[in-house]
file data.csv (CSV, C-alpha atoms and all ligand atoms)
chain,number,residue,atom,x,y,z
F,1,MET,CA,7.3,-12.0,5.3
F,2,LYS,CA,10.4,-11.0,7.3
F,3,ILE,CA,11.7,-7.9,5.8
F,4,PHE,CA,15.3,-8.0,6.9
F,5,GLU,CA,15.6,-11.6,5.7
F,6,GLU,CA,14.4,-10.4,2.3
F,7,VAL,CA,16.8,-7.5,1.9
F,8,LYS,CA,19.9,-8.5,4.0
F,9,ASP,CA,22.2,-9.1,1.0
F,10,ALA,CA,21.2,-6.0,-0.9
F,11,LYS,CA,23.6,-3.1,-1.4
F,12,THR,CA,21.0,-0.8,-2.8
F,13,ILE,CA,17.4,-0.7,-1.6
F,14,GLY,CA,14.7,1.6,-3.1
F,15,ILE,CA,11.3,2.2,-1.4
F,16,SER,CA,8.3,3.9,-3.1
F,17,GLY,CA,4.6,4.4,-2.6
F,18,HIS,CA,1.8,5.7,-4.8
F,19,ILE,CA,1.5,9.0,-6.6
F,20,ARG,CA,-0.2,11.8,-4.6
F,21,PRO,CA,1.0,10.2,-1.4
F,22,ASP,CA,-1.5,10.0,1.5
F,23,GLY,CA,-0.7,9.5,5.2
F,24,ASP,CA,-0.4,5.7,4.9
F,25,CYS,CA,1.9,6.0,1.9
F,26,VAL,CA,4.2,8.5,3.6
F,27,GLY,CA,4.0,6.7,7.0
F,28,SER,CA,4.8,3.2,5.6
F,29,VAL,CA,7.6,4.5,3.3
F,30,MET,CA,9.2,6.5,6.1
F,31,GLY,CA,8.7,3.8,8.8
F,32,LEU,CA,10.3,1.2,6.6
F,33,TYR,CA,13.0,3.6,5.4
F,34,LEU,CA,14.1,4.5,8.9
F,35,TYR,CA,14.0,0.9,10.0
F,36,LEU,CA,16.1,-0.4,7.0
F,37,LYS,CA,18.6,2.4,7.4
F,38,LYS,CA,19.1,1.1,11.0
F,39,VAL,CA,19.3,-2.6,10.3
F,40,CYS,CA,21.2,-2.4,7.0
F,41,PRO,CA,23.8,0.3,7.8
F,42,GLU,CA,26.0,-1.0,4.9
F,43,ALA,CA,23.3,-0.6,2.3
F,44,GLN,CA,22.2,2.5,0.4
F,45,VAL,CA,18.6,2.9,1.3
F,46,GLN,CA,16.6,5.5,-0.8
F,47,ALA,CA,12.9,6.6,-0.4
F,48,MET,CA,11.4,8.0,-3.6
F,49,ILE,CA,7.9,9.5,-3.5
F,50,GLU,CA,6.3,12.8,-4.6
F,51,LYS,CA,6.9,15.5,-2.0
F,52,PRO,CA,4.6,14.8,1.0
F,53,ALA,CA,2.2,17.5,2.3
F,54,ASP,CA,3.7,19.9,4.9
F,55,ILE,CA,1.7,18.2,7.7
F,56,PHE,CA,4.1,15.2,7.4
F,57,SER,CA,7.2,17.2,8.1
F,58,CYS,CA,6.9,16.0,11.7
F,59,ILE,CA,8.2,12.6,10.6
F,60,ARG,CA,11.9,12.4,11.1
F,61,GLY,CA,13.9,12.1,7.8
F,62,VAL,CA,11.1,13.2,5.6
F,63,GLU,CA,13.4,15.8,4.0
F,64,GLU,CA,15.7,12.8,2.9
F,65,ILE,CA,13.0,11.6,0.5
F,66,SER,CA,14.2,11.9,-3.1
F,67,SER,CA,11.2,13.6,-4.7
F,68,ASP,CA,13.3,14.4,-7.8
F,69,PHE,CA,13.3,10.6,-8.5
F,70,LYS,CA,17.1,10.6,-9.1
F,71,PRO,CA,18.1,7.0,-8.2
F,72,VAL,CA,21.3,6.1,-6.2
F,73,ALA,CA,21.7,3.1,-8.5
F,74,GLU,CA,21.1,2.3,-12.1
F,75,VAL,CA,19.6,-1.0,-11.1
F,76,PHE,CA,18.5,-1.5,-7.5
F,77,ASP,CA,19.3,-4.8,-5.8
F,78,VAL,CA,15.8,-4.6,-4.1
F,79,TYR,CA,12.9,-2.3,-4.8
F,80,ILE,CA,9.9,-2.2,-2.5
F,81,ALA,CA,6.5,-0.9,-3.6
F,82,LEU,CA,4.3,0.1,-0.7
F,83,ASP,CA,0.5,0.9,-0.5
F,84,ALA,CA,0.1,0.4,-4.3
F,85,GLU,CA,0.7,-1.9,-7.2
F,86,LYS,CA,3.4,-0.9,-9.6
F,87,SER,CA,1.4,1.1,-12.1
F,88,ARG,CA,0.6,3.7,-9.3
F,89,LEU,CA,4.3,4.3,-8.5
F,90,GLY,CA,4.5,7.1,-11.0
F,91,GLU,CA,8.1,7.9,-11.9
F,92,ALA,CA,9.4,5.1,-9.7
F,93,GLU,CA,7.8,2.4,-11.7
F,94,LYS,CA,10.8,2.0,-13.9
F,95,PHE,CA,13.1,1.5,-10.9
F,96,PHE,CA,10.8,-1.2,-9.6
F,97,ASP,CA,10.6,-2.9,-13.0
F,98,SER,CA,14.4,-3.0,-13.4
F,99,ALA,CA,15.3,-4.1,-9.9
F,100,LYS,CA,16.9,-7.5,-9.3
F,101,LYS,CA,14.3,-8.3,-6.6
F,102,LYS,CA,10.9,-6.7,-6.3
F,103,ILE,CA,8.9,-6.6,-3.1
F,104,ASN,CA,5.3,-5.5,-2.8
F,105,ILE,CA,3.5,-4.8,0.5
F,106,ASP,CA,0.0,-3.5,0.2
F,107,HIS,CA,-3.6,-3.8,1.5
F,108,HIS,CA,-5.6,-2.8,-1.6
F,109,ILE,CA,-8.2,-5.4,-2.6
F,110,SER,CA,-7.7,-4.3,-6.2
F,111,ASN,CA,-4.1,-5.6,-5.9
F,112,ALA,CA,-4.9,-8.9,-4.3
F,113,SER,CA,-2.2,-10.9,-6.0
F,114,GLY,CA,0.6,-8.4,-5.6
F,115,CYS,CA,3.1,-7.3,-8.3
F,116,GLY,CA,6.5,-8.3,-6.8
F,117,ASP,CA,8.7,-11.4,-6.8
F,118,VAL,CA,7.8,-11.4,-3.1
F,119,ASN,CA,4.4,-10.2,-2.0
F,120,TYR,CA,2.7,-9.4,1.3
F,121,VAL,CA,-0.8,-8.2,0.4
F,122,VAL,CA,-3.5,-8.3,3.0
F,123,PRO,CA,-6.7,-6.7,1.9
F,124,THR,CA,-8.2,-7.0,5.4
F,125,ALA,CA,-5.4,-4.9,6.9
F,126,SER,CA,-6.2,-1.4,7.9
F,127,SER,CA,-3.2,0.1,6.2
F,128,THR,CA,0.2,-0.7,4.7
F,129,SER,CA,1.7,0.8,7.9
F,130,GLU,CA,0.1,-1.9,10.0
F,131,LEU,CA,1.7,-4.4,7.6
F,132,ILE,CA,5.1,-2.8,8.0
F,133,TYR,CA,4.9,-3.4,11.7
F,134,ASP,CA,4.1,-7.1,11.0
F,135,VAL,CA,7.2,-7.6,8.7
F,136,ILE,CA,9.7,-5.9,11.1
F,137,GLU,CA,11.2,-9.0,12.7
F,138,ASP,CA,13.2,-7.3,15.4
F,139,LYS,CA,10.7,-5.1,17.2
F,140,SER,CA,13.5,-4.0,19.6
F,141,ARG,CA,15.0,-2.0,16.7
F,142,ILE,CA,11.8,0.1,16.4
F,143,ASP,CA,12.3,3.6,17.9
F,144,GLU,CA,10.1,6.6,18.6
F,145,ASP,CA,10.5,8.0,15.0
F,146,ILE,CA,9.7,4.7,13.3
F,147,ALA,CA,6.7,4.1,15.6
F,148,LYS,CA,5.4,7.6,15.0
F,149,ALA,CA,5.6,7.2,11.2
F,150,LEU,CA,3.7,3.9,11.3
F,151,TYR,CA,1.1,5.4,13.7
F,152,ILE,CA,0.5,8.3,11.3
F,153,GLY,CA,-0.1,5.8,8.5
F,154,ILE,CA,-2.6,3.8,10.6
F,155,ILE,CA,-4.6,6.8,11.8
F,156,HIS,CA,-4.9,8.3,8.3
F,157,ASP,CA,-6.2,5.1,6.6
F,158,THR,CA,-8.6,4.3,9.5
F,159,GLY,CA,-9.9,7.9,10.0
F,160,VAL,CA,-8.4,7.7,13.5
F,161,PHE,CA,-9.7,4.1,14.1
F,162,GLN,CA,-13.2,5.0,12.9
F,163,TYR,CA,-13.5,3.0,9.6
F,164,SER,CA,-14.5,-0.7,9.6
F,165,ASN,CA,-10.9,-1.6,8.4
F,166,THR,CA,-9.9,-1.1,12.1
F,167,SER,CA,-9.5,-4.6,13.6
F,168,PRO,CA,-8.5,-5.7,17.1
F,169,LYS,CA,-5.0,-6.3,15.5
F,170,THR,CA,-4.9,-2.7,14.3
F,171,LEU,CA,-5.6,-1.5,17.8
F,172,LYS,CA,-3.0,-3.8,19.3
F,173,THR,CA,-0.5,-2.5,16.8
F,174,ALA,CA,-1.4,1.1,17.6
F,175,ALA,CA,-1.2,0.3,21.4
F,176,GLU,CA,2.3,-1.1,20.9
F,177,LEU,CA,3.3,1.9,18.8
F,178,ILE,CA,2.1,4.6,21.3
F,179,SER,CA,4.2,2.9,24.0
F,180,TYR,CA,7.3,4.5,22.3
F,181,GLY,CA,6.1,7.7,23.8
F,182,PHE,CA,5.4,10.2,21.0
F,183,ASP,CA,2.7,12.9,21.5
F,184,PHE,CA,-0.2,11.1,19.8
F,185,PRO,CA,-3.0,13.6,20.5
F,186,GLU,CA,-0.9,16.3,18.9
F,187,ILE,CA,-0.1,14.1,15.9
F,188,ILE,CA,-3.8,13.3,15.4
F,189,ASP,CA,-4.8,16.9,15.6
F,190,LYS,CA,-2.0,18.4,13.5
F,191,THR,CA,-1.9,15.7,10.7
F,192,PHE,CA,-5.5,14.7,10.5
F,193,TYR,CA,-8.1,17.1,11.9
F,194,GLU,CA,-6.5,20.5,11.5
F,195,LYS,CA,-7.5,22.4,8.3
F,196,THR,CA,-6.2,25.6,7.0
F,197,TYR,CA,-8.7,28.4,6.4
F,198,ILE,CA,-8.5,27.8,2.7
F,199,GLN,CA,-9.2,24.1,3.1
F,200,ASN,CA,-12.3,24.8,5.2
F,201,GLN,CA,-13.5,27.4,2.6
F,202,ILE,CA,-13.1,24.9,-0.2
F,203,LEU,CA,-14.9,22.2,1.9
F,204,GLY,CA,-17.7,24.6,2.4
F,205,ARG,CA,-18.0,25.4,-1.2
F,206,ALA,CA,-18.0,21.7,-2.2
F,207,LEU,CA,-20.7,21.0,0.3
F,208,LEU,CA,-22.8,24.0,-0.8
F,209,GLU,CA,-22.6,22.9,-4.5
F,210,SER,CA,-23.1,19.2,-3.9
F,211,ILE,CA,-26.0,17.4,-5.6
F,212,LEU,CA,-28.1,14.5,-4.3
F,213,PHE,CA,-29.3,12.0,-6.9
F,214,MET,CA,-30.8,8.5,-7.1
F,215,ASP,CA,-33.4,9.4,-4.5
F,216,GLY,CA,-30.7,10.8,-2.1
F,217,ARG,CA,-28.7,7.6,-2.1
F,218,CYS,CA,-25.8,9.2,-4.0
F,219,ILE,CA,-24.2,12.6,-3.7
F,220,VAL,CA,-21.7,14.3,-6.0
F,221,SER,CA,-19.6,17.4,-5.9
F,222,MET,CA,-16.8,18.8,-8.0
F,223,ILE,CA,-14.1,21.5,-7.8
F,224,ASP,CA,-12.9,22.7,-11.2
F,225,LYS,CA,-9.5,24.1,-12.1
F,226,LYS,CA,-10.7,27.7,-11.9
F,227,THR,CA,-11.8,27.3,-8.3
F,228,MET,CA,-8.6,25.5,-7.4
F,229,ALA,CA,-6.7,28.5,-8.8
F,230,PHE,CA,-8.9,31.0,-7.1
F,231,TYR,CA,-8.1,29.5,-3.7
F,232,ASN,CA,-4.5,28.7,-4.7
F,233,ALA,CA,-5.3,25.1,-3.7
F,234,VAL,CA,-3.3,21.9,-4.2
F,235,PRO,CA,-5.0,18.4,-4.4
F,236,HIS,CA,-4.1,17.7,-0.8
F,237,ASP,CA,-6.3,20.7,0.3
F,238,LEU,CA,-9.3,18.6,-0.9
F,239,ASP,CA,-8.6,15.7,1.4
F,240,GLY,CA,-11.6,14.9,3.6
F,241,ILE,CA,-14.2,16.5,1.3
F,242,VAL,CA,-15.5,13.1,0.1
F,243,SER,CA,-15.9,11.6,3.5
F,244,GLN,CA,-17.8,14.7,4.7
F,245,LEU,CA,-20.1,14.2,1.7
F,246,ARG,CA,-20.5,10.5,2.6
F,247,SER,CA,-21.7,11.4,6.1
F,248,THR,CA,-24.8,13.0,4.6
F,249,LYS,CA,-27.9,11.2,6.0
F,250,GLY,CA,-29.3,8.6,3.6
F,251,VAL,CA,-26.3,8.7,1.3
F,252,GLU,CA,-24.8,5.3,0.4
F,253,CYS,CA,-22.3,6.4,-2.1
F,254,ALA,CA,-20.4,9.7,-2.4
F,255,ILE,CA,-18.5,11.0,-5.4
F,256,PHE,CA,-16.0,13.9,-5.2
F,257,MET,CA,-14.0,14.9,-8.2
F,258,TYR,CA,-11.5,17.7,-9.0
F,259,GLN,CA,-10.4,18.7,-12.4
F,260,THR,CA,-6.8,17.7,-13.3
F,261,GLY,CA,-6.9,18.7,-17.0
F,262,ASN,CA,-9.1,19.6,-19.9
F,263,MET,CA,-11.8,17.0,-19.7
F,264,GLU,CA,-9.9,15.1,-17.0
F,265,TYR,CA,-10.9,14.6,-13.4
F,266,LYS,CA,-9.5,12.7,-10.3
F,267,VAL,CA,-12.5,10.9,-8.8
F,268,SER,CA,-12.8,9.8,-5.2
F,269,LEU,CA,-15.6,7.3,-4.2
F,270,ARG,CA,-16.8,6.5,-0.7
F,271,SER,CA,-19.6,4.1,0.3
F,272,ASN,CA,-21.1,2.7,3.4
F,273,GLY,CA,-20.5,-0.8,2.1
F,274,VAL,CA,-23.7,-1.4,0.1
F,275,VAL,CA,-21.9,-0.3,-3.1
F,276,ASN,CA,-18.5,-1.8,-3.7
F,277,VAL,CA,-16.7,1.2,-4.9
F,278,SER,CA,-13.5,-0.7,-5.6
F,279,GLU,CA,-15.4,-2.5,-8.4
F,280,VAL,CA,-16.9,0.8,-9.7
F,281,ALA,CA,-13.4,2.4,-9.8
F,282,ALA,CA,-11.9,-0.8,-11.3
F,283,PHE,CA,-14.4,-0.7,-14.2
F,284,PHE,CA,-12.9,2.6,-15.2
F,285,GLY,CA,-9.3,1.6,-14.6
F,286,GLY,CA,-8.9,2.6,-11.0
F,287,GLY,CA,-9.1,0.7,-7.8
F,288,GLY,CA,-9.0,0.8,-4.0
F,289,HIS,CA,-11.1,-0.8,-1.3
F,290,VAL,CA,-14.8,-1.8,-0.9
F,291,LYS,CA,-15.7,1.5,0.9
F,292,ALA,CA,-13.0,3.9,-0.5
F,293,ALA,CA,-11.7,3.9,-4.0
F,294,GLY,CA,-10.3,6.3,-6.7
F,295,VAL,CA,-9.9,6.6,-10.4
F,296,THR,CA,-8.9,9.3,-13.0
F,297,MET,CA,-11.5,9.7,-15.7
F,298,GLN,CA,-11.9,11.5,-19.0
F,299,GLY,CA,-14.9,13.5,-20.2
F,300,THR,CA,-17.1,16.3,-19.0
F,301,PHE,CA,-18.4,16.4,-15.5
F,302,TYR,CA,-21.8,15.2,-16.6
F,303,ASP,CA,-20.4,12.3,-18.7
F,304,ILE,CA,-18.4,11.1,-15.8
F,305,VAL,CA,-21.3,11.3,-13.3
F,306,ASN,CA,-23.5,9.4,-15.8
F,307,ASN,CA,-20.9,6.7,-16.4
F,308,LEU,CA,-20.3,6.3,-12.7
F,309,SER,CA,-24.1,6.3,-11.9
F,310,ALA,CA,-24.6,3.4,-14.3
F,311,GLN,CA,-22.0,1.3,-12.4
F,312,ILE,CA,-23.3,2.4,-9.0
F,313,GLU,CA,-26.8,1.4,-10.0
F,314,LYS,CA,-25.7,-2.0,-11.1
F,315,GLN,CA,-24.1,-2.5,-7.7
F,316,LEU,CA,-27.1,-1.3,-5.9
F,317,LYS,CA,-29.3,-3.7,-7.9
F,318,LYS,CA,-26.9,-6.6,-7.3
F,319,THR,CA,-27.1,-6.1,-3.5
F,320,GLU,CA,-30.9,-5.5,-3.5
F,321,GLY,CA,-31.4,-8.6,-5.6
F,322,ASN,CA,-29.7,-10.7,-2.9
U,401,LIG,P1,-8.7,8.5,-2.8
U,401,LIG,O1,-10.1,8.8,-3.0
U,401,LIG,O2,-7.8,8.9,-4.0
U,401,LIG,O3,-8.2,9.0,-1.5
U,401,LIG,O4,-8.5,6.9,-2.8
U,401,LIG,C1,-9.2,6.1,-2.0
U,401,LIG,C2,-8.5,4.7,-1.9
U,401,LIG,O5,-8.5,4.2,-3.2
U,401,LIG,C3,-7.1,4.9,-1.4
U,401,LIG,O6,-6.8,3.7,-0.6
U,401,LIG,C4,-6.3,4.9,-2.6
U,401,LIG,O7,-5.0,4.4,-2.4
U,401,LIG,C5,-7.1,4.0,-3.6
U,401,LIG,N1,-7.0,4.5,-5.0
U,401,LIG,C6,-7.2,5.7,-5.4
U,401,LIG,N2,-7.0,5.8,-6.8
U,401,LIG,C7,-6.7,4.5,-7.2
U,401,LIG,C8,-6.3,4.0,-8.4
U,401,LIG,N3,-6.3,4.7,-9.5
U,401,LIG,N4,-6.0,2.6,-8.4
U,401,LIG,C9,-6.0,1.9,-7.3
U,401,LIG,N5,-6.3,2.4,-6.1
U,401,LIG,C10,-6.7,3.7,-6.0
U,402,MN,MN,-2.7,5.2,0.2
U,403,MN,MN,-3.2,2.5,2.5

call {"tool": "encode", "arguments": {"input": "data.csv", "output": "C-alpha cells"}}
result
Amino acid sequence: MKIFEEVKDAKTIGISGHIRPDGDCVGSVMGLYLYLKKVCPEAQVQAMIEKPADIFSCIRGVEEISSDFKPVAEVFDVYIALDAEKSRLGEAEKFFDSAKKKINIDHHISNASGCGDVNYVVPTASSTSELIYDVIEDKSRIDEDIAKALYIGIIHDTGVFQYSNTSPKTLKTAAELISYGFDFPEIIDKTFYEKTYIQNQILGRALLESILFMDGRCIVSMIDKKTMAFYNAVPHDLDGIVSQLRSTKGVECAIFMYQTGNMEYKVSLRSNGVVNVSEVAAFFGGGGHVKAAGVTMQGTFYDIVNNLSAQIEKQLKKTEGN
C-alpha cells in the first residue's frame, strides 16, 4: 500500500484507532496524521481517538486529537482505521462505516482479512506504527515529530524490542527512525518504564494477591472497582501488570483483569507462546495476538477464571498432544 496514492483525491480524511488507545495506537494515528497533514495540505485531516494518557503529550500535535468525536465532515472521503478492526473503533466506527473509502492498517492476527475497502494487515509486523513507516512512500517528508510518534508505537508494542514480534525489519525501521535525532533514551524511560507511585502501589497489590493455578502454569490477578477508586486509578495505571505476572517462573499463561462494571471485567492475557491467547480471547469475543490478547467478559471473577481456564487447558492439551 502507498498511502498518499490512496488518499490524494480526498478532501476529508479521518484517522482512528482502538478504544483505550495504547502506545502503538497513539503513535500510528499521530505519525500518519502528521504525515498526511504535510502531504495533503488542501485536505481536512482529523484524528479521532479517546484522550491518550499524559505520557503521550510529548508527541507533537497530540492536543489536536478530537477526543470529543465531533467529525469535520458528515461523510468522510477517506476513513482510516489503525491498529484495530472496525468494531474496536468505539465512537468512530460510524464514521468509518459511512466513509466513501475505508482503509484498514493493522497487525492483529484476529483481523487477518481486514475490514476496509483497502487493507494492509500484516500479522507478523511488530506494530501498526511499523506498517505506517512502510506505507509512507516519500520518506523524505518524514520529520523528527513523525519519526518520534512511530518510534513510540514500536517500542510500546515490542516492549522496547524485547518481544518475539521484533524482527530484523522492525530494528531496521527503528534504526532509520532514530536517525531523525529525537532523544530516544528519554522517550523510552518517560513513556515506557516510568511509573507513578500509585501505579507501582497497584502493581504491588496485584502481585501480592495473584494466584497460581494449573500446577503453576497459569497465574491470575484482579483489581476491582473499589480498589481502583481507593487509588484513584484509571485503566492506563494498570498497564504492565499482566506482563509482570507473565514473567513469573514456570508460568505459561497470565491473566489480569480489572472490573469495568457490575459483573463485567476487562481481561488481558499473555503467554509464552505455548497457549495461543488470541484464540482464547476470540472464543469469548475478543482478540489480539498469539502471545498477547484481550477481551471484555461478563460474570463473577470466579466464573470468568473458570471459563478462561477451560479454554487455556484445551490449548495446552492441543500443544501437548502434538
Ligand atoms: P491488552 O491486554 O488489552 O493490552 O491487549 C493485548 C493485545 O490484544 C493488544 O494488541 C490489543 O490491541 C489486543 N486486544 C485487546 N482486546 C481486544 C479485543 N477485544 N479484540 C481484539 N484485540 C484485542
Ligand atoms: Mn494497540
Ligand atoms: Mn498494535

call {"tool": "residues_near_ligand", "arguments": {"input": "data.csv", "ligand": "ligand LIG 401 (chain U)", "cutoff": "8 Å", "atoms": "all atoms listed in the file", "output": "PyMOL selection string"}}
result
chain F and resi 18+22+83-85+88+108+110-111+157+239+242+266-270+278+281-282+285-289+292-296

call {"tool": "write_last_selection", "arguments": {"input": "data.csv", "atoms": "C-alpha atoms", "output": "PDB file, in the frame of the given file"}}
result
ATOM      1  CA  HIS F  18       1.800   5.700  -4.800  1.00  0.00           C
ATOM      2  CA  ASP F  22      -1.500  10.000   1.500  1.00  0.00           C
ATOM      3  CA  ASP F  83       0.500   0.900  -0.500  1.00  0.00           C
ATOM      4  CA  ALA F  84       0.100   0.400  -4.300  1.00  0.00           C
ATOM      5  CA  GLU F  85       0.700  -1.900  -7.200  1.00  0.00           C
ATOM      6  CA  ARG F  88       0.600   3.700  -9.300  1.00  0.00           C
ATOM      7  CA  HIS F 108      -5.600  -2.800  -1.600  1.00  0.00           C
ATOM      8  CA  SER F 110      -7.700  -4.300  -6.200  1.00  0.00           C
ATOM      9  CA  ASN F 111      -4.100  -5.600  -5.900  1.00  0.00           C
ATOM     10  CA  ASP F 157      -6.200   5.100   6.600  1.00  0.00           C
ATOM     11  CA  ASP F 239      -8.600  15.700   1.400  1.00  0.00           C
ATOM     12  CA  VAL F 242     -15.500  13.100   0.100  1.00  0.00           C
ATOM     13  CA  LYS F 266      -9.500  12.700 -10.300  1.00  0.00           C
ATOM     14  CA  VAL F 267     -12.500  10.900  -8.800  1.00  0.00           C
ATOM     15  CA  SER F 268     -12.800   9.800  -5.200  1.00  0.00           C
ATOM     16  CA  LEU F 269     -15.600   7.300  -4.200  1.00  0.00           C
ATOM     17  CA  ARG F 270     -16.800   6.500  -0.700  1.00  0.00           C
ATOM     18  CA  SER F 278     -13.500  -0.700  -5.600  1.00  0.00           C
ATOM     19  CA  ALA F 281     -13.400   2.400  -9.800  1.00  0.00           C
ATOM     20  CA  ALA F 282     -11.900  -0.800 -11.300  1.00  0.00           C
ATOM     21  CA  GLY F 285      -9.300   1.600 -14.600  1.00  0.00           C
ATOM     22  CA  GLY F 286      -8.900   2.600 -11.000  1.00  0.00           C
ATOM     23  CA  GLY F 287      -9.100   0.700  -7.800  1.00  0.00           C
ATOM     24  CA  GLY F 288      -9.000   0.800  -4.000  1.00  0.00           C
ATOM     25  CA  HIS F 289     -11.100  -0.800  -1.300  1.00  0.00           C
ATOM     26  CA  ALA F 292     -13.000   3.900  -0.500  1.00  0.00           C
ATOM     27  CA  ALA F 293     -11.700   3.900  -4.000  1.00  0.00           C
ATOM     28  CA  GLY F 294     -10.300   6.300  -6.700  1.00  0.00           C
ATOM     29  CA  VAL F 295      -9.900   6.600 -10.400  1.00  0.00           C
ATOM     30  CA  THR F 296      -8.900   9.300 -13.000  1.00  0.00           C
TER      31      THR F 296
END

call {"tool": "closest_residue", "arguments": {"input": "data.csv", "among": "F:Cys253, F:Leu316, F:Ile65, F:Ala53", "to": "Lys291 (chain F)", "atoms": "only C-alpha atoms"}}
result
F:Cys253

call {"tool": "atom_distance", "arguments": {"input": "data.csv", "atom1": "atom MN of ligand MN 402 (chain U)", "atom2": "CA of Met48 (chain F)"}}
result
14.9 Å

call {"tool": "residues_around", "arguments": {"input": "data.csv", "residues": "Gln44 (chain F)", "least_positions_apart": "2", "cutoff": "9 Å", "atoms": "all atoms listed in the file", "output": "JSON, numbers by chain"}}
result
{"F": [10, 11, 12, 13, 14, 37, 40, 41, 42, 46, 72, 73]}

call {"tool": "atom_distance", "arguments": {"input": "data.csv", "atom1": "CA of Ile202 (chain F)", "atom2": "CA of Ser67 (chain F)"}}
result
27.2 Å

call {"tool": "atom_distance", "arguments": {"input": "data.csv", "atom1": "CA of Leu82 (chain F)", "atom2": "CA of Gly17 (chain F)"}}
result
4.7 Å

call {"tool": "residues_near_ligand", "arguments": {"input": "data.csv", "ligand": "ligand MN 403 (chain U)", "cutoff": "7 Å", "atoms": "only C-alpha atoms and all ligand atoms", "output": "list in words"}}
result
Asp24, Cys25, Asp83, His107, Ser127, Thr128 and Asp157 of chain F

call {"tool": "write_last_selection", "arguments": {"input": "data.csv", "atoms": "C-alpha atoms", "output": "CSV table (one decimal), in the coordinates of the input"}}
result
chain,number,residue,atom,x,y,z
F,24,ASP,CA,-0.4,5.7,4.9
F,25,CYS,CA,1.9,6.0,1.9
F,83,ASP,CA,0.5,0.9,-0.5
F,107,HIS,CA,-3.6,-3.8,1.5
F,127,SER,CA,-3.2,0.1,6.2
F,128,THR,CA,0.2,-0.7,4.7
F,157,ASP,CA,-6.2,5.1,6.6

call {"tool": "closest_residue", "arguments": {"input": "data.csv", "among": "F:Val78, F:Leu89, F:Ile219, F:Ala112", "to": "ligand MN 402 (chain U)", "atoms": "only C-alpha atoms and all ligand atoms"}}
result
F:Leu89

call {"tool": "residues_around", "arguments": {"input": "data.csv", "residues": "Lys314 (chain F)", "least_positions_apart": "3", "cutoff": "12 Å", "atoms": "all atoms listed in the file", "output": "PyMOL selection string"}}
result
chain F and resi 274-277+279-280+283+307-311+317-321

call {"tool": "residues_near_point", "arguments": {"input": "data.csv", "point": "(5.2, 6.3, -12.3)", "cutoff": "12 Å", "atoms": "all atoms listed in the file", "output": "PDB file with C-alpha atoms, in the coordinates of the input"}}
result
ATOM      1  CA  SER F  16       8.300   3.900  -3.100  1.00  0.00           C
ATOM      2  CA  GLY F  17       4.600   4.400  -2.600  1.00  0.00           C
ATOM      3  CA  HIS F  18       1.800   5.700  -4.800  1.00  0.00           C
ATOM      4  CA  ILE F  19       1.500   9.000  -6.600  1.00  0.00           C
ATOM      5  CA  ARG F  20      -0.200  11.800  -4.600  1.00  0.00           C
ATOM      6  CA  MET F  48      11.400   8.000  -3.600  1.00  0.00           C
ATOM      7  CA  ILE F  49       7.900   9.500  -3.500  1.00  0.00           C
ATOM      8  CA  GLU F  50       6.300  12.800  -4.600  1.00  0.00           C
ATOM      9  CA  PHE F  69      13.300  10.600  -8.500  1.00  0.00           C
ATOM     10  CA  ALA F  81       6.500  -0.900  -3.600  1.00  0.00           C
ATOM     11  CA  ALA F  84       0.100   0.400  -4.300  1.00  0.00           C
ATOM     12  CA  GLU F  85       0.700  -1.900  -7.200  1.00  0.00           C
ATOM     13  CA  LYS F  86       3.400  -0.900  -9.600  1.00  0.00           C
ATOM     14  CA  SER F  87       1.400   1.100 -12.100  1.00  0.00           C
ATOM     15  CA  ARG F  88       0.600   3.700  -9.300  1.00  0.00           C
ATOM     16  CA  LEU F  89       4.300   4.300  -8.500  1.00  0.00           C
ATOM     17  CA  GLY F  90       4.500   7.100 -11.000  1.00  0.00           C
ATOM     18  CA  GLU F  91       8.100   7.900 -11.900  1.00  0.00           C
ATOM     19  CA  ALA F  92       9.400   5.100  -9.700  1.00  0.00           C
ATOM     20  CA  GLU F  93       7.800   2.400 -11.700  1.00  0.00           C
ATOM     21  CA  LYS F  94      10.800   2.000 -13.900  1.00  0.00           C
ATOM     22  CA  PHE F  95      13.100   1.500 -10.900  1.00  0.00           C
ATOM     23  CA  PHE F  96      10.800  -1.200  -9.600  1.00  0.00           C
ATOM     24  CA  ASP F  97      10.600  -2.900 -13.000  1.00  0.00           C
TER      25      ASP F  97
END

call {"tool": "residues_around", "arguments": {"input": "data.csv", "residues": "Asp117 (chain F)", "least_positions_apart": "5", "cutoff": "12 Å", "atoms": "only C-alpha atoms", "output": "ChimeraX atom specification"}}
result
/F:6,78-81,96-97,99-105

call {"tool": "residues_around", "arguments": {"input": "data.csv", "residues": "Pro52 (chain F)", "least_positions_apart": "3", "cutoff": "7 Å", "atoms": "only C-alpha atoms", "output": "count of residues only"}}
result
3

call {"tool": "closest_residue", "arguments": {"input": "data.csv", "among": "F:Lys169, F:His156, F:Lys2, F:Lys148", "to": "ligand MN 402 (chain U)", "atoms": "only C-alpha atoms and all ligand atoms"}}
result
F:His156

call {"tool": "residues_around", "arguments": {"input": "data.csv", "residues": "region 183-194 of chain F", "least_positions_apart": "3", "cutoff": "9 Å", "atoms": "all atoms listed in the file", "output": "mmCIF file with C-alpha atoms, in the frame of the given file"}}
result
data_model
loop_
_atom_site.group_PDB
_atom_site.id
_atom_site.type_symbol
_atom_site.label_atom_id
_atom_site.label_comp_id
_atom_site.auth_asym_id
_atom_site.auth_seq_id
_atom_site.Cartn_x
_atom_site.Cartn_y
_atom_site.Cartn_z
ATOM 1 C CA GLY F 23 -0.700 9.500 5.200
ATOM 2 C CA ILE F 55 1.700 18.200 7.700
ATOM 3 C CA PHE F 56 4.100 15.200 7.400
ATOM 4 C CA CYS F 58 6.900 16.000 11.700
ATOM 5 C CA LYS F 148 5.400 7.600 15.000
ATOM 6 C CA TYR F 151 1.100 5.400 13.700
ATOM 7 C CA ILE F 152 0.500 8.300 11.300
ATOM 8 C CA ILE F 155 -4.600 6.800 11.800
ATOM 9 C CA HIS F 156 -4.900 8.300 8.300
ATOM 10 C CA GLY F 159 -9.900 7.900 10.000
ATOM 11 C CA VAL F 160 -8.400 7.700 13.500
ATOM 12 C CA ILE F 178 2.100 4.600 21.300
#

call {"tool": "closest_residue", "arguments": {"input": "data.csv", "among": "F:Glu209, F:Asp106, F:Asn200, F:Val39", "to": "ligand MN 402 (chain U)", "atoms": "all atoms listed in the file"}}
result
F:Asp106
